[in-house]
Structure formats: C-alpha cells, structure tokens
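Quick notes on the structure that follows.
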Amino acid sequence: MDISPKWFISLIAEQGVSLTSVQQEQFEQYFKLLVEWNERMNLTGITERAAVYEKHFYDSVTLSACVNMNEVQTIADIGSGAGFPSLPLKICYPQLKVTIVDSLNKRIQFLKQVVQDLGLADVTCVHGRAEDIARDKQHRDNYDLVTARAVAKLAVLNEFCLPFVKTGGLFAAMKGTEPDQEIKDAGKSLKVLKGKLISTHNLKLPNEQSDRHILVIEKMAPTPREYPRKAGTPLKTPLI
C-alpha cells in the first residue's frame, strides 16, 4: 500500500506528530475512499492526491498549531462534510473522542465507512441540523473543542457551534478569506452566546501558499436557554 507523501509526514512532524506507518496508511486509505465515494456523490472538488493531502489533510491538522490537542479530550465537528478537520486530527491524535454532526445523511454514511475501514475508535457520526442537535442534553455545553471549517459566516457559526462548547472550552473557526469584517459583524453573537475571541492565526498552505485563518473563541458561560434558535433561523437572520 502507498503511504503518505514525505513532505506531508515532515510537515506533520513539525506540528509535533510523528506519524506511525499505521497512521500513514490510514491517511492513504482515507484519500482512496474519498476519491472512490466522490464518483457517486459530491464530497469535494479536490481529488488529486497531492492536493487532497495539502488542502484537506494538512489544512485540517494546522489546527494543532493553534490549540494544544494533547489537552483536548472531546471534539465536535459541525458541518464536517467529508470529515474535515476532525478525522485527520483523530488520525494524528488517537486519544480524541470525536462527534461529527452533518445534515446530509449521504455524507454521514461516507464518514461511517471511513471510520470503520480505518479502524477509528470513539468516533460518533450524527445526522441532523446543528440547531437541533445542540438542544440535546448529551451534546449541549459538553465539548472541550468544537470546530467548523468553511461552513458559514462567523456570526452564524457562533450560533451553530458555541452551544456545543462546554464553559471554558474552545470553538475554532477555520477560514480561508480575511476574517476582519466577519469578526466585526460577529460582535453581537459573541456577546449573546457567551463567547470571547482570544486569538487569531494566519497560516499559509505549504505548496499553494494560499491564506488560511483560524479564529479561536473561548466559551465564558453556559448557552442561554433560547439558543440556538430553530433550524434555519441563524442563516436567515444572523445575530448581527
């Protein structure tokens, strides 16, 4: 079996993760499943091997440069799509207990197949809208770290994601474009949903050199009872 590209292994090592041969094979198997399933359903527009490793796998793991993943036990990935960033992080940090929430059942079926074929333990894939799942006591105010990658504007993401974060936990919003205006527009949602922006990080992909931004928000208090609002409302009328 092919294993991960050498440049990828080297860059991951710079993040403090020495990939074993098993982990390298898990990444390669993930890539093959992504391409295979992508022929039947729209998971990604990126299917070339080097591009998947850079724009999906490496991009996901850059979160570990902004958050100490060794201190994280539970992570919820909201609107995960094809499993990014949570499954690459899970491969690198096997101790993580991962919950993935996605509204499209086809994607959930793909993710379950990846989890099964890669032999990943402690990964739960939940089909549903974030606004509905966040009202479940099992998930509300419960996770050390919550992530969202290229899902929506920050004012909307705060309402999708902060209800999942436990008090003192973190929400990491992974962005491509310059986030200054989004941060400005998200002031009200941060206040209402008890979040505080504690750091912003600007990174570049190693080969393409395109910009990535990671916004790290701390949850200061439990989610007010009236949030999140019913499914669809945060997108239609953001807290701005």
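Identifiers in the structure tokens: chain A, B, ... in order shown; residue index from 1 per chain; ligand index from 1 in order shown.
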Could you give me, as a tab-separated table, every region 81-188 of chain A residue with an atom at most 7 Å from region 225-234 of chain A, plus its closest atom pair and distance in Å to one decimal, counting only C-alpha atoms, rows ordered by chain then number?
```
residue	atom	partner	partner_atom	distance
A:Arg129	CA	A:Ala231	CA	6.7
A:Glu131	CA	A:Ala231	CA	5.2
A:Asp132	CA	A:Ala231	CA	6.5
A:Val156	CA	A:Pro234	CA	5.7
A:Glu159	CA	A:Pro228	CA	5.7
A:Phe160	CA	A:Pro228	CA	6.9
A:Pro163	CA	A:Pro228	CA	6.9
```
Go ahead and write the residues just picked, N, CA, C and O atoms, as a PDB file, in the first residue's frame.
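So part-v9.pdb came out as:
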```
ATOM      1  N   ARG A 129     -29.434  18.641  11.936  1.00  0.00           N
ATOM      2  CA  ARG A 129     -29.078  20.052  11.891  1.00  0.00           C
ATOM      3  C   ARG A 129     -28.435  20.447  13.211  1.00  0.00           C
ATOM      4  O   ARG A 129     -28.891  20.040  14.285  1.00  0.00           O
ATOM      5  N   GLU A 131     -28.606  23.106  14.868  1.00  0.00           N
ATOM      6  CA  GLU A 131     -29.514  23.797  15.774  1.00  0.00           C
ATOM      7  C   GLU A 131     -30.372  22.812  16.581  1.00  0.00           C
ATOM      8  O   GLU A 131     -30.749  23.106  17.720  1.00  0.00           O
ATOM      9  N   ASP A 132     -30.683  21.663  15.976  1.00  0.00           N
ATOM     10  CA  ASP A 132     -31.485  20.651  16.675  1.00  0.00           C
ATOM     11  C   ASP A 132     -30.628  19.812  17.618  1.00  0.00           C
ATOM     12  O   ASP A 132     -31.009  19.574  18.774  1.00  0.00           O
ATOM     13  N   VAL A 156     -22.995  33.463  12.095  1.00  0.00           N
ATOM     14  CA  VAL A 156     -23.856  32.283  12.013  1.00  0.00           C
ATOM     15  C   VAL A 156     -23.192  31.094  12.712  1.00  0.00           C
ATOM     16  O   VAL A 156     -23.835  30.359  13.475  1.00  0.00           O
ATOM     17  N   GLU A 159     -23.634  30.691  16.460  1.00  0.00           N
ATOM     18  CA  GLU A 159     -24.894  30.116  16.932  1.00  0.00           C
ATOM     19  C   GLU A 159     -24.966  28.615  16.645  1.00  0.00           C
ATOM     20  O   GLU A 159     -25.576  27.861  17.401  1.00  0.00           O
ATOM     21  N   PHE A 160     -24.337  28.175  15.554  1.00  0.00           N
ATOM     22  CA  PHE A 160     -24.259  26.743  15.272  1.00  0.00           C
ATOM     23  C   PHE A 160     -23.394  26.007  16.296  1.00  0.00           C
ATOM     24  O   PHE A 160     -23.716  24.894  16.711  1.00  0.00           O
ATOM     25  N   PRO A 163     -23.116  26.596  21.258  1.00  0.00           N
ATOM     26  CA  PRO A 163     -23.942  25.804  22.168  1.00  0.00           C
ATOM     27  C   PRO A 163     -23.370  24.416  22.485  1.00  0.00           C
ATOM     28  O   PRO A 163     -23.706  23.823  23.509  1.00  0.00           O
TER      29      PRO A 163
END
```
Strand (DSSP E) call set, DSSP backbone run, region 1-228 of chain A, as an NGL selection string: :A and (74-78 or 97-102 or 123-127 or 143-149 or 165-175 or 195-204 or 211-219)
For Arg140 (chain A): contacts at 12 Å, only C-alpha atoms, fewer than 3 positions along chain excluded, given as JSON, numbers by chain: {"A": [76, 130, 131, 132, 133, 134, 135, 136, 137, 143, 144, 146, 160, 161, 162, 163, 164, 165, 166, 167, 222, 223, 224, 225, 227, 228]}
What would the file look like if the residues just selected were written as a compact mmCIF listing (two decimals), in the first residue's frame with N, CA, C and O atoms?
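The file below, again-v2.txt, is the result:
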```txt
# COMPACT_ATOMS: atom_id res chain seq x y z
N ALA A 76 -16.22 18.19 18.87
CA ALA A 76 -17.39 18.11 17.99
C ALA A 76 -17.09 18.91 16.72
O ALA A 76 -16.61 20.04 16.79
N ALA A 130 -27.40 21.26 13.13
CA ALA A 130 -26.69 21.68 14.34
C ALA A 130 -27.64 22.31 15.35
O ALA A 130 -27.52 22.06 16.56
N GLU A 131 -28.61 23.11 14.87
CA GLU A 131 -29.51 23.80 15.77
C GLU A 131 -30.37 22.81 16.58
O GLU A 131 -30.75 23.11 17.72
N ASP A 132 -30.68 21.66 15.98
CA ASP A 132 -31.48 20.65 16.67
C ASP A 132 -30.63 19.81 17.62
O ASP A 132 -31.01 19.57 18.77
N ILE A 133 -29.47 19.37 17.13
CA ILE A 133 -28.60 18.50 17.93
C ILE A 133 -28.09 19.24 19.17
O ILE A 133 -27.94 18.65 20.24
N ALA A 134 -27.86 20.55 19.04
CA ALA A 134 -27.34 21.34 20.17
C ALA A 134 -28.33 21.46 21.33
O ALA A 134 -27.96 21.86 22.43
N ARG A 135 -29.59 21.12 21.10
CA ARG A 135 -30.58 21.16 22.18
C ARG A 135 -30.63 19.84 22.95
O ARG A 135 -31.29 19.75 23.99
N ASP A 136 -29.94 18.84 22.45
CA ASP A 136 -29.87 17.54 23.12
C ASP A 136 -28.91 17.64 24.31
O ASP A 136 -27.76 18.09 24.15
N LYS A 137 -29.36 17.24 25.50
CA LYS A 137 -28.53 17.35 26.71
C LYS A 137 -27.20 16.62 26.57
O LYS A 137 -26.21 16.99 27.20
N TYR A 143 -18.51 19.93 25.04
CA TYR A 143 -17.25 19.56 24.38
C TYR A 143 -16.09 20.49 24.71
O TYR A 143 -16.25 21.70 24.83
N ASP A 144 -14.90 19.89 24.82
CA ASP A 144 -13.68 20.67 25.05
C ASP A 144 -13.39 21.60 23.88
O ASP A 144 -12.96 22.74 24.05
N VAL A 146 -14.81 22.60 19.76
CA VAL A 146 -15.76 22.48 18.65
C VAL A 146 -15.13 23.14 17.44
O VAL A 146 -14.50 24.20 17.55
N PHE A 160 -24.34 28.17 15.55
CA PHE A 160 -24.26 26.74 15.27
C PHE A 160 -23.39 26.01 16.30
O PHE A 160 -23.72 24.89 16.71
N CYS A 161 -22.27 26.62 16.66
CA CYS A 161 -21.20 25.88 17.34
C CYS A 161 -21.05 26.14 18.84
O CYS A 161 -20.79 25.20 19.60
N LEU A 162 -21.18 27.39 19.27
CA LEU A 162 -20.94 27.68 20.69
C LEU A 162 -21.87 26.91 21.64
O LEU A 162 -21.44 26.55 22.75
N PRO A 163 -23.12 26.60 21.26
CA PRO A 163 -23.94 25.80 22.17
C PRO A 163 -23.37 24.42 22.49
O PRO A 163 -23.71 23.82 23.51
N PHE A 164 -22.50 23.90 21.63
CA PHE A 164 -21.88 22.59 21.89
C PHE A 164 -20.70 22.67 22.85
O PHE A 164 -20.30 21.66 23.45
N VAL A 165 -20.10 23.86 22.99
CA VAL A 165 -18.86 24.01 23.76
C VAL A 165 -19.15 24.09 25.25
O VAL A 165 -20.06 24.80 25.68
N LYS A 166 -18.36 23.38 26.04
CA LYS A 166 -18.54 23.50 27.49
C LYS A 166 -17.93 24.82 27.97
O LYS A 166 -17.06 25.40 27.31
N THR A 167 -18.37 25.30 29.12
CA THR A 167 -17.82 26.53 29.68
C THR A 167 -16.32 26.34 29.92
O THR A 167 -15.90 25.36 30.53
N PRO A 222 -22.48 29.13 30.29
CA PRO A 222 -23.41 28.25 29.57
C PRO A 222 -24.25 28.99 28.54
O PRO A 222 -24.51 30.18 28.66
N THR A 223 -24.71 28.25 27.52
CA THR A 223 -25.54 28.82 26.46
C THR A 223 -26.90 29.26 27.03
O THR A 223 -27.56 28.48 27.71
N PRO A 224 -27.32 30.50 26.76
CA PRO A 224 -28.67 30.93 27.17
C PRO A 224 -29.74 29.99 26.61
O PRO A 224 -29.60 29.49 25.48
N ARG A 225 -30.78 29.78 27.36
CA ARG A 225 -31.80 28.77 27.05
C ARG A 225 -32.43 28.94 25.67
O ARG A 225 -32.78 27.97 25.01
N TYR A 227 -31.16 29.75 22.89
CA TYR A 227 -30.28 29.49 21.73
C TYR A 227 -29.80 28.05 21.72
O TYR A 227 -29.65 27.44 22.77
N PRO A 228 -29.54 27.50 20.53
CA PRO A 228 -29.75 28.13 19.23
C PRO A 228 -31.23 28.23 18.88
O PRO A 228 -32.04 27.46 19.39
```
Given only C-alpha atoms as the counted atoms, nearest of A:Met220, A:Leu170, A:Ile78, A:Ala50 to Leu157 (chain A):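 The shortest atom-to-atom distance to Leu157 (chain A) comes from A:Ile78.
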Neighbour list for Val22 (chain A) as a PDB file with N, CA, C and O atoms, in the first residue's frame, cut-off 12 Å, only C-alpha atoms, skip fewer than 4 positions in-chain:
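The resulting file, part39.pdb, is reproduced below:
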```
ATOM      1  N   MET A   1       0.843  -1.210   0.000  1.00  0.00           N
ATOM      2  CA  MET A   1       0.000   0.000   0.000  1.00  0.00           C
ATOM      3  C   MET A   1       0.871   1.251   0.000  1.00  0.00           C
ATOM      4  O   MET A   1       1.886   1.313   0.693  1.00  0.00           O
ATOM      5  N   ASP A   2       0.480   2.248  -0.810  1.00  0.00           N
ATOM      6  CA  ASP A   2       1.179   3.534  -0.781  1.00  0.00           C
ATOM      7  C   ASP A   2       1.035   4.164   0.597  1.00  0.00           C
ATOM      8  O   ASP A   2       0.067   3.922   1.307  1.00  0.00           O
ATOM      9  N   ILE A   3       2.025   4.954   0.972  1.00  0.00           N
ATOM     10  CA  ILE A   3       1.902   5.691   2.232  1.00  0.00           C
ATOM     11  C   ILE A   3       1.940   7.180   1.951  1.00  0.00           C
ATOM     12  O   ILE A   3       2.172   7.611   0.827  1.00  0.00           O
ATOM     13  N   SER A   4       1.716   7.969   2.989  1.00  0.00           N
ATOM     14  CA  SER A   4       1.594   9.415   2.842  1.00  0.00           C
ATOM     15  C   SER A   4       2.837  10.027   2.191  1.00  0.00           C
ATOM     16  O   SER A   4       3.952   9.533   2.371  1.00  0.00           O
ATOM     17  N   SER A  18       4.640  12.569  15.144  1.00  0.00           N
ATOM     18  CA  SER A  18       5.413  11.616  14.346  1.00  0.00           C
ATOM     19  C   SER A  18       4.464  10.508  13.913  1.00  0.00           C
ATOM     20  O   SER A  18       4.044   9.682  14.729  1.00  0.00           O
ATOM     21  N   GLN A  26      -3.499   4.993   7.225  1.00  0.00           N
ATOM     22  CA  GLN A  26      -4.865   5.486   7.444  1.00  0.00           C
ATOM     23  C   GLN A  26      -5.150   6.709   6.576  1.00  0.00           C
ATOM     24  O   GLN A  26      -6.227   6.823   5.979  1.00  0.00           O
ATOM     25  N   PHE A  27      -4.180   7.624   6.483  1.00  0.00           N
ATOM     26  CA  PHE A  27      -4.362   8.793   5.619  1.00  0.00           C
ATOM     27  C   PHE A  27      -4.523   8.367   4.159  1.00  0.00           C
ATOM     28  O   PHE A  27      -5.378   8.890   3.432  1.00  0.00           O
ATOM     29  N   GLU A  28      -3.686   7.423   3.729  1.00  0.00           N
ATOM     30  CA  GLU A  28      -3.761   6.987   2.330  1.00  0.00           C
ATOM     31  C   GLU A  28      -5.090   6.285   2.039  1.00  0.00           C
ATOM     32  O   GLU A  28      -5.701   6.487   0.982  1.00  0.00           O
ATOM     33  N   GLN A  29      -5.554   5.490   2.990  1.00  0.00           N
ATOM     34  CA  GLN A  29      -6.835   4.803   2.824  1.00  0.00           C
ATOM     35  C   GLN A  29      -7.991   5.812   2.790  1.00  0.00           C
ATOM     36  O   GLN A  29      -8.944   5.674   2.007  1.00  0.00           O
ATOM     37  N   ILE A  91      -6.824  10.906  13.392  1.00  0.00           N
ATOM     38  CA  ILE A  91      -5.727  10.018  12.987  1.00  0.00           C
ATOM     39  C   ILE A  91      -4.434  10.414  13.702  1.00  0.00           C
ATOM     40  O   ILE A  91      -3.693   9.558  14.194  1.00  0.00           O
ATOM     41  N   CYS A  92      -4.172  11.720  13.778  1.00  0.00           N
ATOM     42  CA  CYS A  92      -2.937  12.213  14.417  1.00  0.00           C
ATOM     43  C   CYS A  92      -2.975  12.123  15.937  1.00  0.00           C
ATOM     44  O   CYS A  92      -1.938  11.920  16.575  1.00  0.00           O
ATOM     45  N   PRO A  94      -4.986   9.987  18.403  1.00  0.00           N
ATOM     46  CA  PRO A  94      -5.956   8.897  18.593  1.00  0.00           C
ATOM     47  C   PRO A  94      -6.746   8.979  19.898  1.00  0.00           C
ATOM     48  O   PRO A  94      -7.797   8.350  20.020  1.00  0.00           O
ATOM     49  N   LEU A 118     -10.910   2.554   8.554  1.00  0.00           N
ATOM     50  CA  LEU A 118      -9.649   2.994   9.159  1.00  0.00           C
ATOM     51  C   LEU A 118      -9.465   2.463  10.575  1.00  0.00           C
ATOM     52  O   LEU A 118      -8.412   2.641  11.176  1.00  0.00           O
ATOM     53  N   GLY A 119     -10.514   1.832  11.113  1.00  0.00           N
ATOM     54  CA  GLY A 119     -10.434   1.277  12.461  1.00  0.00           C
ATOM     55  C   GLY A 119     -10.333   2.341  13.539  1.00  0.00           C
ATOM     56  O   GLY A 119      -9.629   2.166  14.539  1.00  0.00           O
ATOM     57  N   LEU A 120     -11.066   3.444  13.358  1.00  0.00           N
ATOM     58  CA  LEU A 120     -11.014   4.548  14.326  1.00  0.00           C
ATOM     59  C   LEU A 120     -12.035   4.323  15.442  1.00  0.00           C
ATOM     60  O   LEU A 120     -13.217   4.143  15.175  1.00  0.00           O
TER      61      LEU A 120
END
```
Atom pair CA of Asp180 (chain A) / CA of Leu205 (chain A): separation (Å): 19.8 Å
Let's see if you can do this: from backbone DSSP, list all helix (DSSP H, G or I) residues in region 39-232 of chain A, as a JSON list (two decimals) with N, CA and C atoms, in the first residue's frame.
```
[["chain", "number", "residue", "atom", "x", "y", "z"],
["A", 49, "ARG", "N", -4.18, 13.63, -5.65],
["A", 49, "ARG", "CA", -3.61, 13.14, -4.40],
["A", 49, "ARG", "C", -2.87, 14.23, -3.60],
["A", 50, "ALA", "N", -1.94, 14.92, -4.25],
["A", 50, "ALA", "CA", -1.16, 15.95, -3.54],
["A", 50, "ALA", "C", -2.06, 17.06, -3.02],
["A", 51, "ALA", "N", -3.08, 17.42, -3.81],
["A", 51, "ALA", "CA", -4.00, 18.49, -3.40],
["A", 51, "ALA", "C", -4.86, 18.06, -2.21],
["A", 52, "VAL", "N", -5.32, 16.82, -2.18],
["A", 52, "VAL", "CA", -6.09, 16.32, -1.04],
["A", 52, "VAL", "C", -5.24, 16.36, 0.23],
["A", 53, "TYR", "N", -3.99, 15.92, 0.10],
["A", 53, "TYR", "CA", -3.10, 15.93, 1.28],
["A", 53, "TYR", "C", -2.83, 17.34, 1.77],
["A", 54, "GLU", "N", -2.70, 18.30, 0.85],
["A", 54, "GLU", "CA", -2.41, 19.67, 1.27],
["A", 54, "GLU", "C", -3.65, 20.42, 1.72],
["A", 55, "LYS", "N", -4.71, 20.41, 0.88],
["A", 55, "LYS", "CA", -5.86, 21.29, 1.11],
["A", 55, "LYS", "C", -6.89, 20.69, 2.06],
["A", 56, "HIS", "N", -6.84, 19.39, 2.28],
["A", 56, "HIS", "CA", -7.77, 18.77, 3.22],
["A", 56, "HIS", "C", -7.04, 18.23, 4.46],
["A", 57, "PHE", "N", -6.08, 17.33, 4.25],
["A", 57, "PHE", "CA", -5.43, 16.68, 5.40],
["A", 57, "PHE", "C", -4.53, 17.64, 6.17],
["A", 58, "TYR", "N", -3.56, 18.25, 5.46],
["A", 58, "TYR", "CA", -2.65, 19.16, 6.16],
["A", 58, "TYR", "C", -3.40, 20.37, 6.71],
["A", 59, "ASP", "N", -4.30, 20.93, 5.91],
["A", 59, "ASP", "CA", -5.07, 22.09, 6.35],
["A", 59, "ASP", "C", -5.84, 21.79, 7.64],
["A", 60, "SER", "N", -6.39, 20.58, 7.74],
["A", 60, "SER", "CA", -7.12, 20.19, 8.96],
["A", 60, "SER", "C", -6.19, 20.15, 10.17],
["A", 61, "VAL", "N", -5.01, 19.58, 9.98],
["A", 61, "VAL", "CA", -4.10, 19.37, 11.11],
["A", 61, "VAL", "C", -3.44, 20.66, 11.57],
["A", 62, "THR", "N", -3.48, 21.73, 10.73],
["A", 62, "THR", "CA", -2.90, 23.01, 11.17],
["A", 62, "THR", "C", -3.58, 23.54, 12.43],
["A", 63, "LEU", "N", -4.78, 23.05, 12.72],
["A", 63, "LEU", "CA", -5.45, 23.47, 13.95],
["A", 63, "LEU", "C", -4.60, 23.17, 15.18],
["A", 64, "SER", "N", -3.78, 22.13, 15.10],
["A", 64, "SER", "CA", -2.94, 21.75, 16.25],
["A", 64, "SER", "C", -1.85, 22.78, 16.52],
["A", 65, "ALA", "N", -1.60, 23.69, 15.58],
["A", 65, "ALA", "CA", -0.63, 24.76, 15.81],
["A", 65, "ALA", "C", -1.26, 25.90, 16.61],
["A", 69, "MET", "N", -3.71, 20.12, 21.17],
["A", 69, "MET", "CA", -4.60, 18.96, 21.02],
["A", 69, "MET", "C", -4.36, 17.90, 22.08],
["A", 70, "ASN", "N", -3.21, 17.93, 22.72],
["A", 70, "ASN", "CA", -2.93, 16.96, 23.79],
["A", 70, "ASN", "C", -3.76, 17.24, 25.03],
["A", 71, "GLU", "N", -4.31, 18.45, 25.11],
["A", 71, "GLU", "CA", -5.15, 18.81, 26.26],
["A", 71, "GLU", "C", -6.64, 18.65, 25.94],
["A", 86, "SER", "N", -11.99, 17.07, 11.60],
["A", 86, "SER", "CA", -11.95, 16.14, 12.74],
["A", 86, "SER", "C", -11.27, 14.81, 12.47],
["A", 87, "LEU", "N", -11.47, 14.22, 11.30],
["A", 87, "LEU", "CA", -10.89, 12.88, 11.09],
["A", 87, "LEU", "C", -9.36, 12.92, 10.88],
["A", 88, "PRO", "N", -8.80, 13.88, 10.13],
["A", 88, "PRO", "CA", -7.34, 13.98, 10.13],
["A", 88, "PRO", "C", -6.76, 14.22, 11.53],
["A", 89, "LEU", "N", -7.45, 15.04, 12.34],
["A", 89, "LEU", "CA", -7.00, 15.26, 13.72],
["A", 89, "LEU", "C", -7.08, 13.97, 14.52],
["A", 90, "LYS", "N", -8.15, 13.20, 14.33],
["A", 90, "LYS", "CA", -8.32, 11.92, 15.03],
["A", 90, "LYS", "C", -7.20, 10.94, 14.67],
["A", 91, "ILE", "N", -6.82, 10.91, 13.39],
["A", 91, "ILE", "CA", -5.73, 10.02, 12.99],
["A", 91, "ILE", "C", -4.43, 10.41, 13.70],
["A", 92, "CYS", "N", -4.17, 11.72, 13.78],
["A", 92, "CYS", "CA", -2.94, 12.21, 14.42],
["A", 92, "CYS", "C", -2.97, 12.12, 15.94],
["A", 105, "ASN", "N", -27.44, 12.97, 5.12],
["A", 105, "ASN", "CA", -27.26, 11.57, 5.52],
["A", 105, "ASN", "C", -26.25, 10.84, 4.63],
["A", 106, "LYS", "N", -26.18, 11.19, 3.35],
["A", 106, "LYS", "CA", -25.20, 10.55, 2.46],
["A", 106, "LYS", "C", -23.78, 10.77, 2.96],
["A", 107, "ARG", "N", -23.50, 11.98, 3.42],
["A", 107, "ARG", "CA", -22.17, 12.26, 3.95],
["A", 107, "ARG", "C", -21.92, 11.47, 5.23],
["A", 108, "ILE", "N", -22.94, 11.35, 6.07],
["A", 108, "ILE", "CA", -22.80, 10.57, 7.29],
["A", 108, "ILE", "C", -22.47, 9.11, 6.96],
["A", 109, "GLN", "N", -23.08, 8.57, 5.93],
["A", 109, "GLN", "CA", -22.79, 7.18, 5.53],
["A", 109, "GLN", "C", -21.34, 7.04, 5.06],
["A", 110, "PHE", "N", -20.86, 8.02, 4.31],
["A", 110, "PHE", "CA", -19.45, 8.02, 3.91],
["A", 110, "PHE", "C", -18.53, 8.05, 5.13],
["A", 111, "LEU", "N", -18.83, 8.95, 6.06],
["A", 111, "LEU", "CA", -17.99, 9.10, 7.25],
["A", 111, "LEU", "C", -17.97, 7.82, 8.08],
["A", 112, "LYS", "N", -19.11, 7.17, 8.21],
["A", 112, "LYS", "CA", -19.16, 5.90, 8.95],
["A", 112, "LYS", "C", -18.29, 4.84, 8.27],
["A", 113, "GLN", "N", -18.27, 4.85, 6.93],
["A", 113, "GLN", "CA", -17.43, 3.90, 6.19],
["A", 113, "GLN", "C", -15.96, 4.18, 6.44],
["A", 114, "VAL", "N", -15.58, 5.47, 6.43],
["A", 114, "VAL", "CA", -14.19, 5.84, 6.71],
["A", 114, "VAL", "C", -13.78, 5.39, 8.11],
["A", 115, "VAL", "N", -14.63, 5.68, 9.08],
["A", 115, "VAL", "CA", -14.34, 5.31, 10.47],
["A", 115, "VAL", "C", -14.16, 3.80, 10.59],
["A", 116, "GLN", "N", -15.04, 3.06, 9.94],
["A", 116, "GLN", "CA", -14.97, 1.59, 10.01],
["A", 116, "GLN", "C", -13.71, 1.06, 9.31],
["A", 117, "ASP", "N", -13.45, 1.52, 8.09],
["A", 117, "ASP", "CA", -12.32, 0.99, 7.32],
["A", 117, "ASP", "C", -10.97, 1.38, 7.91],
["A", 118, "LEU", "N", -10.91, 2.55, 8.55],
["A", 118, "LEU", "CA", -9.65, 2.99, 9.16],
["A", 118, "LEU", "C", -9.46, 2.46, 10.58],
["A", 130, "ALA", "N", -27.40, 21.26, 13.13],
["A", 130, "ALA", "CA", -26.69, 21.68, 14.34],
["A", 130, "ALA", "C", -27.64, 22.31, 15.35],
["A", 131, "GLU", "N", -28.61, 23.11, 14.87],
["A", 131, "GLU", "CA", -29.51, 23.80, 15.77],
["A", 131, "GLU", "C", -30.37, 22.81, 16.58],
["A", 132, "ASP", "N", -30.68, 21.66, 15.98],
["A", 132, "ASP", "CA", -31.48, 20.65, 16.67],
["A", 132, "ASP", "C", -30.63, 19.81, 17.62],
["A", 133, "ILE", "N", -29.47, 19.37, 17.13],
["A", 133, "ILE", "CA", -28.60, 18.50, 17.93],
["A", 133, "ILE", "C", -28.09, 19.24, 19.17],
["A", 154, "LEU", "N", -19.00, 33.94, 10.45],
["A", 154, "LEU", "CA", -18.76, 33.74, 11.88],
["A", 154, "LEU", "C", -19.99, 34.03, 12.73],
["A", 155, "ALA", "N", -20.76, 35.05, 12.40],
["A", 155, "ALA", "CA", -21.96, 35.37, 13.19],
["A", 155, "ALA", "C", -22.94, 34.20, 13.20],
["A", 156, "VAL", "N", -23.00, 33.46, 12.09],
["A", 156, "VAL", "CA", -23.86, 32.28, 12.01],
["A", 156, "VAL", "C", -23.19, 31.09, 12.71],
["A", 157, "LEU", "N", -21.91, 30.92, 12.46],
["A", 157, "LEU", "CA", -21.17, 29.80, 13.07],
["A", 157, "LEU", "C", -21.24, 29.83, 14.59],
["A", 158, "ASN", "N", -21.18, 31.03, 15.16],
["A", 158, "ASN", "CA", -21.24, 31.12, 16.62],
["A", 158, "ASN", "C", -22.52, 30.48, 17.16],
["A", 159, "GLU", "N", -23.63, 30.69, 16.46],
["A", 159, "GLU", "CA", -24.89, 30.12, 16.93],
["A", 159, "GLU", "C", -24.97, 28.62, 16.65],
["A", 160, "PHE", "N", -24.34, 28.17, 15.55],
["A", 160, "PHE", "CA", -24.26, 26.74, 15.27],
["A", 160, "PHE", "C", -23.39, 26.01, 16.30],
["A", 161, "CYS", "N", -22.27, 26.62, 16.66],
["A", 161, "CYS", "CA", -21.20, 25.88, 17.34],
["A", 161, "CYS", "C", -21.05, 26.14, 18.84],
["A", 162, "LEU", "N", -21.18, 27.39, 19.27],
["A", 162, "LEU", "CA", -20.94, 27.68, 20.69],
["A", 162, "LEU", "C", -21.87, 26.91, 21.64],
["A", 163, "PRO", "N", -23.12, 26.60, 21.26],
["A", 163, "PRO", "CA", -23.94, 25.80, 22.17],
["A", 163, "PRO", "C", -23.37, 24.42, 22.49],
["A", 164, "PHE", "N", -22.50, 23.90, 21.63],
["A", 164, "PHE", "CA", -21.88, 22.59, 21.89],
["A", 164, "PHE", "C", -20.70, 22.67, 22.85],
["A", 180, "ASP", "N", -11.48, 39.82, 9.04],
["A", 180, "ASP", "CA", -11.70, 41.04, 9.84],
["A", 180, "ASP", "C", -13.15, 41.51, 9.86],
["A", 181, "GLN", "N", -13.79, 41.55, 8.69],
["A", 181, "GLN", "CA", -15.17, 42.02, 8.63],
["A", 181, "GLN", "C", -16.11, 41.04, 9.34],
["A", 182, "GLU", "N", -15.85, 39.73, 9.17],
["A", 182, "GLU", "CA", -16.66, 38.72, 9.86],
["A", 182, "GLU", "C", -16.57, 38.87, 11.37],
["A", 183, "ILE", "N", -15.36, 39.14, 11.85],
["A", 183, "ILE", "CA", -15.16, 39.31, 13.30],
["A", 183, "ILE", "C", -15.95, 40.52, 13.79],
["A", 184, "LYS", "N", -15.90, 41.60, 13.02],
["A", 184, "LYS", "CA", -16.63, 42.82, 13.38],
["A", 184, "LYS", "C", -18.14, 42.54, 13.43],
["A", 185, "ASP", "N", -18.64, 41.83, 12.40],
["A", 185, "ASP", "CA", -20.07, 41.53, 12.32],
["A", 185, "ASP", "C", -20.53, 40.55, 13.40],
["A", 187, "GLY", "N", -19.72, 40.51, 16.57],
["A", 187, "GLY", "CA", -19.65, 41.03, 17.94],
["A", 187, "GLY", "C", -20.89, 40.72, 18.77],
["A", 188, "LYS", "N", -22.07, 40.94, 18.17],
["A", 188, "LYS", "CA", -23.31, 40.71, 18.91],
["A", 188, "LYS", "C", -23.48, 39.23, 19.24],
["A", 189, "SER", "N", -23.23, 38.36, 18.26],
["A", 189, "SER", "CA", -23.42, 36.92, 18.50],
["A", 189, "SER", "C", -22.46, 36.40, 19.57],
["A", 190, "LEU", "N", -21.24, 36.92, 19.59],
["A", 190, "LEU", "CA", -20.29, 36.51, 20.63],
["A", 190, "LEU", "C", -20.81, 36.90, 22.02],
["A", 191, "LYS", "N", -21.32, 38.12, 22.12],
["A", 191, "LYS", "CA", -21.83, 38.59, 23.41],
["A", 191, "LYS", "C", -23.04, 37.77, 23.87],
["A", 192, "VAL", "N", -23.99, 37.57, 22.95],
["A", 192, "VAL", "CA", -25.22, 36.85, 23.29],
["A", 192, "VAL", "C", -24.95, 35.39, 23.64]]
```
Ala172 (chain A) environment, 7 Å, only C-alpha atoms, sequence neighbours closer than 2 positions dropped, as JSON, numbers by chain: {"A": [146, 147, 148, 170, 174, 214, 215, 216, 217]}
Atom pair CA of Ala186 (chain A) / CA of Pro85 (chain A): separation (Å): 22.4 Å
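Checking A:Ser80, A:Gln15, A:Gln23, A:Thr177 one by one against Val98 (chain A), counting only C-alpha atoms, you find the shortest gap at A:Ser80.
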Shell around Ser103 (chain A) at 9 Å using only C-alpha atoms, local window under 6 positions removed, as a VMD selection string: chain A and resid 79 81 126 to 130
Can I get the selected residues back with C-alpha atoms, as a tab-separated table (two decimals), in the first residue's frame?
```
chain	number	residue	atom	x	y	z
A	79	GLY	CA	-20.97	20.62	9.27
A	81	GLY	CA	-18.70	17.48	5.14
A	126	VAL	CA	-24.69	12.23	13.98
A	127	HIS	CA	-27.16	13.03	11.21
A	128	GLY	CA	-29.04	16.26	11.88
A	129	ARG	CA	-29.08	20.05	11.89
A	130	ALA	CA	-26.69	21.68	14.34
```
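Put simply, CA of Val72 (chain A) is 13.7 Å away from CA of Asp122 (chain A).
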